[in-house]
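Printed here is structure16.pdb (PDB, C-alpha atoms and all ligand atoms):
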ATOM      1  CA  MET A  22       0.000   0.000   0.000  1.00  0.00           C
ATOM      2  CA  GLY A  23       1.440   3.372  -1.003  1.00  0.00           C
ATOM      3  CA  TYR A  24       1.714   6.360   1.287  1.00  0.00           C
ATOM      4  CA  THR A  25      -1.366   8.585   1.332  1.00  0.00           C
ATOM      5  CA  CYS A  26      -1.325  12.311   2.097  1.00  0.00           C
ATOM      6  CA  ARG A  27      -2.807  11.478   5.491  1.00  0.00           C
ATOM      7  CA  HIS A  28       0.073   9.088   6.349  1.00  0.00           C
ATOM      8  CA  ILE A  29       2.622  11.667   5.270  1.00  0.00           C
ATOM      9  CA  LEU A  30       0.964  14.382   7.381  1.00  0.00           C
ATOM     10  CA  MET A  31       0.769  12.060  10.410  1.00  0.00           C
ATOM     11  CA  GLU A  32       4.431  11.100  10.021  1.00  0.00           C
ATOM     12  CA  TYR A  33       5.485  14.742   9.513  1.00  0.00           C
ATOM     13  CA  SER A  34       3.497  15.978  12.518  1.00  0.00           C
ATOM     14  CA  SER A  35       4.892  13.282  14.789  1.00  0.00           C
ATOM     15  CA  GLN A  36       8.503  14.042  13.710  1.00  0.00           C
ATOM     16  CA  VAL A  37       7.921  17.808  13.992  1.00  0.00           C
ATOM     17  CA  MET A  38       6.457  17.302  17.470  1.00  0.00           C
ATOM     18  CA  LYS A  39       9.604  15.371  18.531  1.00  0.00           C
ATOM     19  CA  LEU A  40      11.851  18.095  17.119  1.00  0.00           C
ATOM     20  CA  GLY A  41       9.807  20.893  18.729  1.00  0.00           C
ATOM     21  CA  CYS A  42      10.012  19.171  22.130  1.00  0.00           C
ATOM     22  CA  SER A  43      13.814  18.858  21.798  1.00  0.00           C
ATOM     23  CA  ILE A  44      14.082  22.546  20.890  1.00  0.00           C
ATOM     24  CA  LEU A  45      11.859  23.569  23.828  1.00  0.00           C
ATOM     25  CA  LYS A  46      14.089  21.492  26.139  1.00  0.00           C
ATOM     26  CA  LEU A  47      17.200  23.221  24.797  1.00  0.00           C
ATOM     27  CA  ILE A  48      15.578  26.654  25.239  1.00  0.00           C
ATOM     28  CA  SER A  49      14.652  25.760  28.844  1.00  0.00           C
ATOM     29  CA  GLU A  50      18.275  24.775  29.514  1.00  0.00           C
ATOM     30  CA  ALA A  51      19.546  27.941  27.832  1.00  0.00           C
ATOM     31  CA  LEU A  52      17.379  29.899  30.298  1.00  0.00           C
ATOM     32  CA  GLY A  53      18.983  28.031  33.218  1.00  0.00           C
ATOM     33  CA  LEU A  54      15.760  26.109  33.920  1.00  0.00           C
ATOM     34  CA  ASN A  55      14.986  22.424  34.224  1.00  0.00           C
ATOM     35  CA  PRO A  56      14.981  20.996  30.633  1.00  0.00           C
ATOM     36  CA  ASN A  57      11.302  20.065  30.986  1.00  0.00           C
ATOM     37  CA  HIS A  58      10.203  23.486  32.244  1.00  0.00           C
ATOM     38  CA  LEU A  59       8.618  24.793  29.011  1.00  0.00           C
ATOM     39  CA  LEU A  60       7.087  21.394  28.195  1.00  0.00           C
ATOM     40  CA  GLU A  61       5.544  21.213  31.671  1.00  0.00           C
ATOM     41  CA  MET A  62       4.045  24.665  31.099  1.00  0.00           C
ATOM     42  CA  GLY A  63       2.234  23.135  28.132  1.00  0.00           C
ATOM     43  CA  CYS A  64       4.168  24.841  25.308  1.00  0.00           C
ATOM     44  CA  ALA A  65       3.824  21.786  23.057  1.00  0.00           C
ATOM     45  CA  GLU A  66       0.290  20.715  23.999  1.00  0.00           C
ATOM     46  CA  ARG A  67      -1.179  21.834  20.705  1.00  0.00           C
ATOM     47  CA  LEU A  68       0.333  21.658  17.241  1.00  0.00           C
ATOM     48  CA  THR A  69      -1.291  23.478  14.316  1.00  0.00           C
ATOM     49  CA  ILE A  70       0.116  22.821  10.855  1.00  0.00           C
ATOM     50  CA  SER A  71      -0.687  25.291   8.056  1.00  0.00           C
ATOM     51  CA  GLY A  72       0.216  24.709   4.421  1.00  0.00           C
ATOM     52  CA  HIS A  73       0.744  27.896   2.393  1.00  0.00           C
ATOM     53  CA  TYR A  74       0.583  28.280  -1.372  1.00  0.00           C
ATOM     54  CA  TYR A  75       1.781  31.584  -2.864  1.00  0.00           C
ATOM     55  CA  PRO A  76       0.826  31.791  -6.547  1.00  0.00           C
ATOM     56  CA  ARG A  77       3.235  33.208  -9.106  1.00  0.00           C
ATOM     57  CA  CYS A  78       2.507  36.914  -9.390  1.00  0.00           C
ATOM     58  CA  PRO A  79       3.045  38.973 -12.576  1.00  0.00           C
ATOM     59  CA  GLN A  80       3.410  42.244 -10.619  1.00  0.00           C
ATOM     60  CA  PRO A  81       5.043  41.298  -7.283  1.00  0.00           C
ATOM     61  CA  GLU A  82       5.798  44.943  -6.406  1.00  0.00           C
ATOM     62  CA  LEU A  83       2.024  45.536  -6.079  1.00  0.00           C
ATOM     63  CA  VAL A  84       1.398  42.471  -3.904  1.00  0.00           C
ATOM     64  CA  ILE A  85       2.139  41.295  -0.376  1.00  0.00           C
ATOM     65  CA  GLY A  86       2.725  37.538   0.057  1.00  0.00           C
ATOM     66  CA  THR A  87       2.310  37.572   3.844  1.00  0.00           C
ATOM     67  CA  THR A  88       2.391  40.895   5.675  1.00  0.00           C
ATOM     68  CA  GLU A  89       4.987  41.612   8.331  1.00  0.00           C
ATOM     69  CA  HIS A  90       4.102  39.829  11.588  1.00  0.00           C
ATOM     70  CA  THR A  91       5.354  37.786  14.514  1.00  0.00           C
ATOM     71  CA  ASP A  92       3.858  34.356  15.209  1.00  0.00           C
ATOM     72  CA  GLY A  93       1.589  34.097  18.249  1.00  0.00           C
ATOM     73  CA  GLY A  94       2.604  30.744  19.753  1.00  0.00           C
ATOM     74  CA  PHE A  95       5.811  29.584  21.443  1.00  0.00           C
ATOM     75  CA  ILE A  96       7.862  28.374  18.498  1.00  0.00           C
ATOM     76  CA  THR A  97       7.111  27.772  14.808  1.00  0.00           C
ATOM     77  CA  ILE A  98       8.962  25.193  12.746  1.00  0.00           C
ATOM     78  CA  LEU A  99       8.852  26.180   9.101  1.00  0.00           C
ATOM     79  CA  LEU A 100       9.547  24.048   6.038  1.00  0.00           C
ATOM     80  CA  GLN A 101      10.053  26.158   2.919  1.00  0.00           C
ATOM     81  CA  ASP A 102      10.820  25.167  -0.643  1.00  0.00           C
ATOM     82  CA  HIS A 103      13.724  26.458  -2.770  1.00  0.00           C
ATOM     83  CA  ILE A 104      11.813  29.422  -4.283  1.00  0.00           C
ATOM     84  CA  GLY A 105      12.617  31.955  -1.569  1.00  0.00           C
ATOM     85  CA  GLY A 106      10.649  34.992  -0.412  1.00  0.00           C
ATOM     86  CA  LEU A 107      10.745  34.641   3.382  1.00  0.00           C
ATOM     87  CA  GLN A 108      12.422  37.639   5.032  1.00  0.00           C
ATOM     88  CA  VAL A 109      13.258  38.289   8.669  1.00  0.00           C
ATOM     89  CA  PHE A 110      13.852  41.676  10.289  1.00  0.00           C
ATOM     90  CA  TYR A 111      17.386  41.325  11.623  1.00  0.00           C
ATOM     91  CA  LYS A 112      19.828  44.063  12.719  1.00  0.00           C
ATOM     92  CA  ASN A 113      17.422  46.775  11.576  1.00  0.00           C
ATOM     93  CA  GLN A 114      16.924  45.485   8.065  1.00  0.00           C
ATOM     94  CA  TRP A 115      14.924  42.915   6.111  1.00  0.00           C
ATOM     95  CA  THR A 116      17.110  39.903   5.319  1.00  0.00           C
ATOM     96  CA  HIS A 117      16.281  36.956   3.045  1.00  0.00           C
ATOM     97  CA  VAL A 118      16.049  33.610   4.801  1.00  0.00           C
ATOM     98  CA  LEU A 119      17.702  31.490   2.141  1.00  0.00           C
ATOM     99  CA  HIS A 120      16.569  27.955   1.483  1.00  0.00           C
ATOM    100  CA  ILE A 121      19.043  25.347   2.687  1.00  0.00           C
ATOM    101  CA  SER A 122      18.268  21.861   1.435  1.00  0.00           C
ATOM    102  CA  GLY A 123      17.109  19.657   4.323  1.00  0.00           C
ATOM    103  CA  ALA A 124      16.988  22.567   6.796  1.00  0.00           C
ATOM    104  CA  LEU A 125      14.006  23.895   8.736  1.00  0.00           C
ATOM    105  CA  VAL A 126      13.518  27.464   9.987  1.00  0.00           C
ATOM    106  CA  VAL A 127      12.587  27.942  13.656  1.00  0.00           C
ATOM    107  CA  ASN A 128      10.871  31.171  14.669  1.00  0.00           C
ATOM    108  CA  VAL A 129      10.393  32.363  18.230  1.00  0.00           C
ATOM    109  CA  GLY A 130       6.756  33.378  18.809  1.00  0.00           C
ATOM    110  CA  ASP A 131       5.130  36.041  21.009  1.00  0.00           C
ATOM    111  CA  LEU A 132       4.151  33.685  23.825  1.00  0.00           C
ATOM    112  CA  LEU A 133       7.770  32.525  24.252  1.00  0.00           C
ATOM    113  CA  GLN A 134       8.755  36.204  24.474  1.00  0.00           C
ATOM    114  CA  LEU A 135       6.037  36.771  27.108  1.00  0.00           C
ATOM    115  CA  VAL A 136       6.931  33.807  29.359  1.00  0.00           C
ATOM    116  CA  THR A 137      10.696  34.455  29.064  1.00  0.00           C
ATOM    117  CA  ASN A 138      10.121  38.123  29.918  1.00  0.00           C
ATOM    118  CA  ASP A 139      11.844  39.287  26.694  1.00  0.00           C
ATOM    119  CA  LYS A 140      14.879  36.957  27.014  1.00  0.00           C
ATOM    120  CA  PHE A 141      13.778  35.346  23.753  1.00  0.00           C
ATOM    121  CA  VAL A 142      12.303  37.844  21.298  1.00  0.00           C
ATOM    122  CA  SER A 143       9.745  36.879  18.650  1.00  0.00           C
ATOM    123  CA  SER A 144      10.983  37.227  15.086  1.00  0.00           C
ATOM    124  CA  ARG A 145       9.394  39.762  12.736  1.00  0.00           C
ATOM    125  CA  HIS A 146       9.028  38.171   9.336  1.00  0.00           C
ATOM    126  CA  LYS A 147       7.132  38.465   6.043  1.00  0.00           C
ATOM    127  CA  VAL A 148       6.917  36.758   2.683  1.00  0.00           C
ATOM    128  CA  VAL A 149       7.344  38.637  -0.591  1.00  0.00           C
ATOM    129  CA  ALA A 150       5.705  37.499  -3.837  1.00  0.00           C
ATOM    130  CA  ASN A 151       7.660  36.653  -6.977  1.00  0.00           C
ATOM    131  CA  LYS A 152       6.865  36.529 -10.697  1.00  0.00           C
ATOM    132  CA  VAL A 153       8.833  33.381 -11.512  1.00  0.00           C
ATOM    133  CA  CYS A 154       6.978  30.472  -9.969  1.00  0.00           C
ATOM    134  CA  PRO A 155       4.608  29.519  -7.127  1.00  0.00           C
ATOM    135  CA  ARG A 156       5.968  28.935  -3.629  1.00  0.00           C
ATOM    136  CA  VAL A 157       4.907  26.407  -0.985  1.00  0.00           C
ATOM    137  CA  SER A 158       5.649  26.345   2.746  1.00  0.00           C
ATOM    138  CA  VAL A 159       4.456  24.386   5.784  1.00  0.00           C
ATOM    139  CA  ALA A 160       4.351  26.117   9.192  1.00  0.00           C
ATOM    140  CA  SER A 161       3.974  24.116  12.437  1.00  0.00           C
ATOM    141  CA  PHE A 162       2.880  26.269  15.397  1.00  0.00           C
ATOM    142  CA  PHE A 163       3.465  25.098  18.996  1.00  0.00           C
ATOM    143  CA  MET A 164       0.852  26.268  21.520  1.00  0.00           C
ATOM    144  CA  THR A 165      -0.771  25.391  24.804  1.00  0.00           C
ATOM    145  CA  ASP A 166      -4.093  23.547  24.919  1.00  0.00           C
ATOM    146  CA  LEU A 167      -6.533  26.429  24.362  1.00  0.00           C
ATOM    147  CA  THR A 168      -9.331  24.697  26.290  1.00  0.00           C
ATOM    148  CA  LYS A 169      -7.310  24.827  29.558  1.00  0.00           C
ATOM    149  CA  THR A 170      -8.483  28.238  30.725  1.00  0.00           C
ATOM    150  CA  SER A 171      -6.942  27.747  34.190  1.00  0.00           C
ATOM    151  CA  ASN A 172      -3.406  27.514  32.744  1.00  0.00           C
ATOM    152  CA  VAL A 173      -2.045  31.037  33.314  1.00  0.00           C
ATOM    153  CA  LEU A 174       0.824  32.095  31.062  1.00  0.00           C
ATOM    154  CA  GLU A 175       3.024  34.745  32.626  1.00  0.00           C
ATOM    155  CA  PRO A 176       6.731  35.593  32.873  1.00  0.00           C
ATOM    156  CA  ILE A 177       8.464  32.562  34.457  1.00  0.00           C
ATOM    157  CA  LYS A 178       9.087  33.228  38.168  1.00  0.00           C
ATOM    158  CA  GLU A 179      12.765  32.181  37.955  1.00  0.00           C
ATOM    159  CA  LEU A 180      13.328  34.829  35.259  1.00  0.00           C
ATOM    160  CA  VAL A 181      11.946  37.802  37.166  1.00  0.00           C
ATOM    161  CA  SER A 182      13.364  39.600  40.201  1.00  0.00           C
ATOM    162  CA  ASP A 183      13.223  43.013  41.877  1.00  0.00           C
ATOM    163  CA  HIS A 184      15.843  44.206  39.387  1.00  0.00           C
ATOM    164  CA  ASN A 185      14.122  42.565  36.449  1.00  0.00           C
ATOM    165  CA  PRO A 186      10.366  42.835  37.064  1.00  0.00           C
ATOM    166  CA  ALA A 187       7.720  41.155  34.913  1.00  0.00           C
ATOM    167  CA  ASN A 188       7.148  43.021  31.652  1.00  0.00           C
ATOM    168  CA  TYR A 189       3.806  41.330  30.957  1.00  0.00           C
ATOM    169  CA  ARG A 190       0.630  40.487  32.824  1.00  0.00           C
ATOM    170  CA  GLY A 191      -0.608  36.913  32.997  1.00  0.00           C
ATOM    171  CA  THR A 192      -2.957  35.613  30.318  1.00  0.00           C
ATOM    172  CA  THR A 193      -4.246  32.305  28.999  1.00  0.00           C
ATOM    173  CA  GLY A 194      -3.420  30.715  25.645  1.00  0.00           C
ATOM    174  CA  LYS A 195      -7.028  31.257  24.605  1.00  0.00           C
ATOM    175  CA  GLU A 196      -7.153  34.930  25.621  1.00  0.00           C
ATOM    176  CA  PHE A 197      -3.845  35.591  23.864  1.00  0.00           C
ATOM    177  CA  ILE A 198      -4.728  33.820  20.614  1.00  0.00           C
ATOM    178  CA  ASP A 199      -8.259  35.323  20.558  1.00  0.00           C
ATOM    179  CA  TYR A 200      -6.694  38.785  20.822  1.00  0.00           C
ATOM    180  CA  PHE A 201      -3.977  37.908  18.262  1.00  0.00           C
ATOM    181  CA  MET A 202      -6.608  36.741  15.724  1.00  0.00           C
ATOM    182  CA  ARG A 203      -8.935  39.692  16.380  1.00  0.00           C
ATOM    183  CA  LYS A 204      -6.109  42.171  15.885  1.00  0.00           C
ATOM    184  CA  GLY A 205      -4.996  40.534  12.621  1.00  0.00           C
ATOM    185  CA  LEU A 206      -1.666  40.930  10.830  1.00  0.00           C
ATOM    186  CA  ASP A 207      -1.663  44.749  10.983  1.00  0.00           C
ATOM    187  CA  GLY A 208       2.080  45.156  11.559  1.00  0.00           C
ATOM    188  CA  THR A 209       1.772  45.817  15.314  1.00  0.00           C
ATOM    189  CA  SER A 210       2.744  43.388  18.094  1.00  0.00           C
ATOM    190  CA  ALA A 211      -0.006  41.630  20.069  1.00  0.00           C
ATOM    191  CA  LEU A 212       2.387  41.733  23.038  1.00  0.00           C
ATOM    192  CA  LEU A 213       1.747  45.475  23.516  1.00  0.00           C
ATOM    193  CA  HIS A 214      -1.759  44.604  24.755  1.00  0.00           C
ATOM    194  CA  PHE A 215      -0.281  42.471  27.582  1.00  0.00           C
ATOM    195  CA  LYS A 216       2.581  44.796  28.554  1.00  0.00           C
ATOM    196  CA  ILE A 217       2.598  46.136  32.117  1.00  0.00           C
TER
HETATM  197  O1  LIG B 301       5.414  31.004   4.173  1.00  0.00           O
HETATM  198  C1  LIG B 301       6.303  31.274   4.960  1.00  0.00           C
HETATM  199  O2  LIG B 301       7.502  31.072   4.743  1.00  0.00           O
HETATM  200  C2  LIG B 301       5.976  31.903   6.299  1.00  0.00           C
HETATM  201  C3  LIG B 301       4.570  31.740   6.734  1.00  0.00           C
HETATM  202  C4  LIG B 301       4.334  32.394   8.043  1.00  0.00           C
HETATM  203  O3  LIG B 301       5.013  33.306   8.433  1.00  0.00           O
HETATM  204  C5  LIG B 301       3.273  31.912   8.940  1.00  0.00           C
HETATM  205  O4  LIG B 301       2.536  30.994   8.573  1.00  0.00           O
HETATM  206  O5  LIG B 301       3.160  32.435  10.055  1.00  0.00           O
HETATM  207 FE    FE B 302       4.732  33.652  10.510  1.00  0.00          FE
END
Could you write out this file's structure as structure tokens?
Amino acid sequence: MGYTCRHILMEYSSQVMKLGCSILKLISEALGLNPNHLLEMGCAERLTISGHYYPRCPQPELVIGTTEHTDGGFITILLQDHIGGLQVFYKNQWTHVLHISGALVVNVGDLLQLVTNDKFVSSRHKVVANKVCPRVSVASFFMTDLTKTSNVLEPIKELVSDHNPANYRGTTGKEFIDYFMRKGLDGTSALLHFKI
């Protein structure tokens, strides 16, 4: 029996989940926390996978592929093809994120910035259209379980002190994502709404 799309998606999501958990463990360690800290907070409870198709565009200068934004969740693992178009705002300028065969792009999202109290900063990125050929990408977003309304997300206690007070108020995954969706990709950060 050949592989169906469903098998491929199940296999991809299970491998991406394993990779995301390893990355979240490494980030916890980098913050001086127990390796399981972010996982125990529920950062990988929910995985949403979005496939994007950007058609070839005869007048790319008049079109936006994806407007400038930051992702809302904790981390995003992005698979992009060789066409190019993804740009990240780095050192005060837009920089192409070049395709590297076999490599994935990992973006820090707003909720990781919130719980790490700005130690990890969400990446501003956008996608520009091109007139040569269509582009495909697959984005895997790591989030908490949005039905758990009692799970408060706030700057991690170990990362705040009298000298380094919390920059954000507590929220829930659902409140944050509801606000993020309502606001839309208007070029402003959803984090401003939660800033103290
Ligand atoms: O298509 C891409 O490379 C990026 C898509 C993206 O930024 C997103 O889905 O949040
Ligand atoms: Fe994004």
Environment of ligand FE 302 (chain B) within 12 Å, counting only C-alpha atoms and all ligand atoms, reported as an NGL selection string = :A and (70-73 or 86-101 or 107-109 or 126-131 or 143-148 or 158-162 or 206 or 208)
Taking C-alpha atoms for each residue, export the selection above as a CSV table (one decimal), in the coordinates of the input.
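Okay, this is what ended up in again-v8.csv:
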chain,number,residue,atom,x,y,z
A,70,ILE,CA,0.1,22.8,10.9
A,71,SER,CA,-0.7,25.3,8.1
A,72,GLY,CA,0.2,24.7,4.4
A,73,HIS,CA,0.7,27.9,2.4
A,86,GLY,CA,2.7,37.5,0.1
A,87,THR,CA,2.3,37.6,3.8
A,88,THR,CA,2.4,40.9,5.7
A,89,GLU,CA,5.0,41.6,8.3
A,90,HIS,CA,4.1,39.8,11.6
A,91,THR,CA,5.4,37.8,14.5
A,92,ASP,CA,3.9,34.4,15.2
A,93,GLY,CA,1.6,34.1,18.2
A,94,GLY,CA,2.6,30.7,19.8
A,95,PHE,CA,5.8,29.6,21.4
A,96,ILE,CA,7.9,28.4,18.5
A,97,THR,CA,7.1,27.8,14.8
A,98,ILE,CA,9.0,25.2,12.7
A,99,LEU,CA,8.9,26.2,9.1
A,100,LEU,CA,9.5,24.0,6.0
A,101,GLN,CA,10.1,26.2,2.9
A,107,LEU,CA,10.7,34.6,3.4
A,108,GLN,CA,12.4,37.6,5.0
A,109,VAL,CA,13.3,38.3,8.7
A,126,VAL,CA,13.5,27.5,10.0
A,127,VAL,CA,12.6,27.9,13.7
A,128,ASN,CA,10.9,31.2,14.7
A,129,VAL,CA,10.4,32.4,18.2
A,130,GLY,CA,6.8,33.4,18.8
A,131,ASP,CA,5.1,36.0,21.0
A,143,SER,CA,9.7,36.9,18.6
A,144,SER,CA,11.0,37.2,15.1
A,145,ARG,CA,9.4,39.8,12.7
A,146,HIS,CA,9.0,38.2,9.3
A,147,LYS,CA,7.1,38.5,6.0
A,148,VAL,CA,6.9,36.8,2.7
A,158,SER,CA,5.6,26.3,2.7
A,159,VAL,CA,4.5,24.4,5.8
A,160,ALA,CA,4.4,26.1,9.2
A,161,SER,CA,4.0,24.1,12.4
A,162,PHE,CA,2.9,26.3,15.4
A,206,LEU,CA,-1.7,40.9,10.8
A,208,GLY,CA,2.1,45.2,11.6
Which residue of A:Ser34, A:Ser171, A:Asn188, A:Thr165 approaches A:Ala65 most closely, using all atoms listed in the file =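 Checking each of A:Ser34, A:Ser171, A:Asn188, A:Thr165 against A:Ala65, counting all atoms listed in the file, the winner is A:Thr165.
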Which distance in Å separates atom CA of A:Glu61 and atom C1 of ligand LIG 301 (chain B), to one decimal?
->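 Atom-to-atom, atom CA of A:Glu61 and atom C1 of ligand LIG 301 (chain B) are spaced 28.6 Å apart.
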Check what the PyMOL selection byres (((chain A and resi 191) around 8) and not hetatm) selects in the file above and give those residues as a list of chain:residue names.
-> A:Val173, A:Leu174, A:Glu175, A:Pro176, A:Tyr189, A:Arg190, A:Thr192, A:Thr193, A:Phe215
Resulting file, chosen residues, C-alpha atoms, as a PDB file, in the frame of the given file:
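Heads up, here's the output in again_24.pdb:
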ATOM      1  CA  VAL A 173      -2.045  31.037  33.314  1.00  0.00           C
ATOM      2  CA  LEU A 174       0.824  32.095  31.062  1.00  0.00           C
ATOM      3  CA  GLU A 175       3.024  34.745  32.626  1.00  0.00           C
ATOM      4  CA  PRO A 176       6.731  35.593  32.873  1.00  0.00           C
ATOM      5  CA  TYR A 189       3.806  41.330  30.957  1.00  0.00           C
ATOM      6  CA  ARG A 190       0.630  40.487  32.824  1.00  0.00           C
ATOM      7  CA  THR A 192      -2.957  35.613  30.318  1.00  0.00           C
ATOM      8  CA  THR A 193      -4.246  32.305  28.999  1.00  0.00           C
ATOM      9  CA  PHE A 215      -0.281  42.471  27.582  1.00  0.00           C
TER      10      PHE A 215
END
What is the distance between atom CA of A:Met31 and atom CA of A:Thr69, in Å to one decimal?
->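 Straight-line distance from atom CA of A:Met31 to atom CA of A:Thr69 works out to 12.2 Å.
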Identify which of the residues A:Val157, A:Leu135, A:Leu52, A:Leu180 lies closest to ligand LIG 301 (chain B), counting only C-alpha atoms and all ligand atoms when measuring atom-to-atom distances.
->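 Counting only C-alpha atoms and all ligand atoms, the residue closest to ligand LIG 301 (chain B) is A:Val157.
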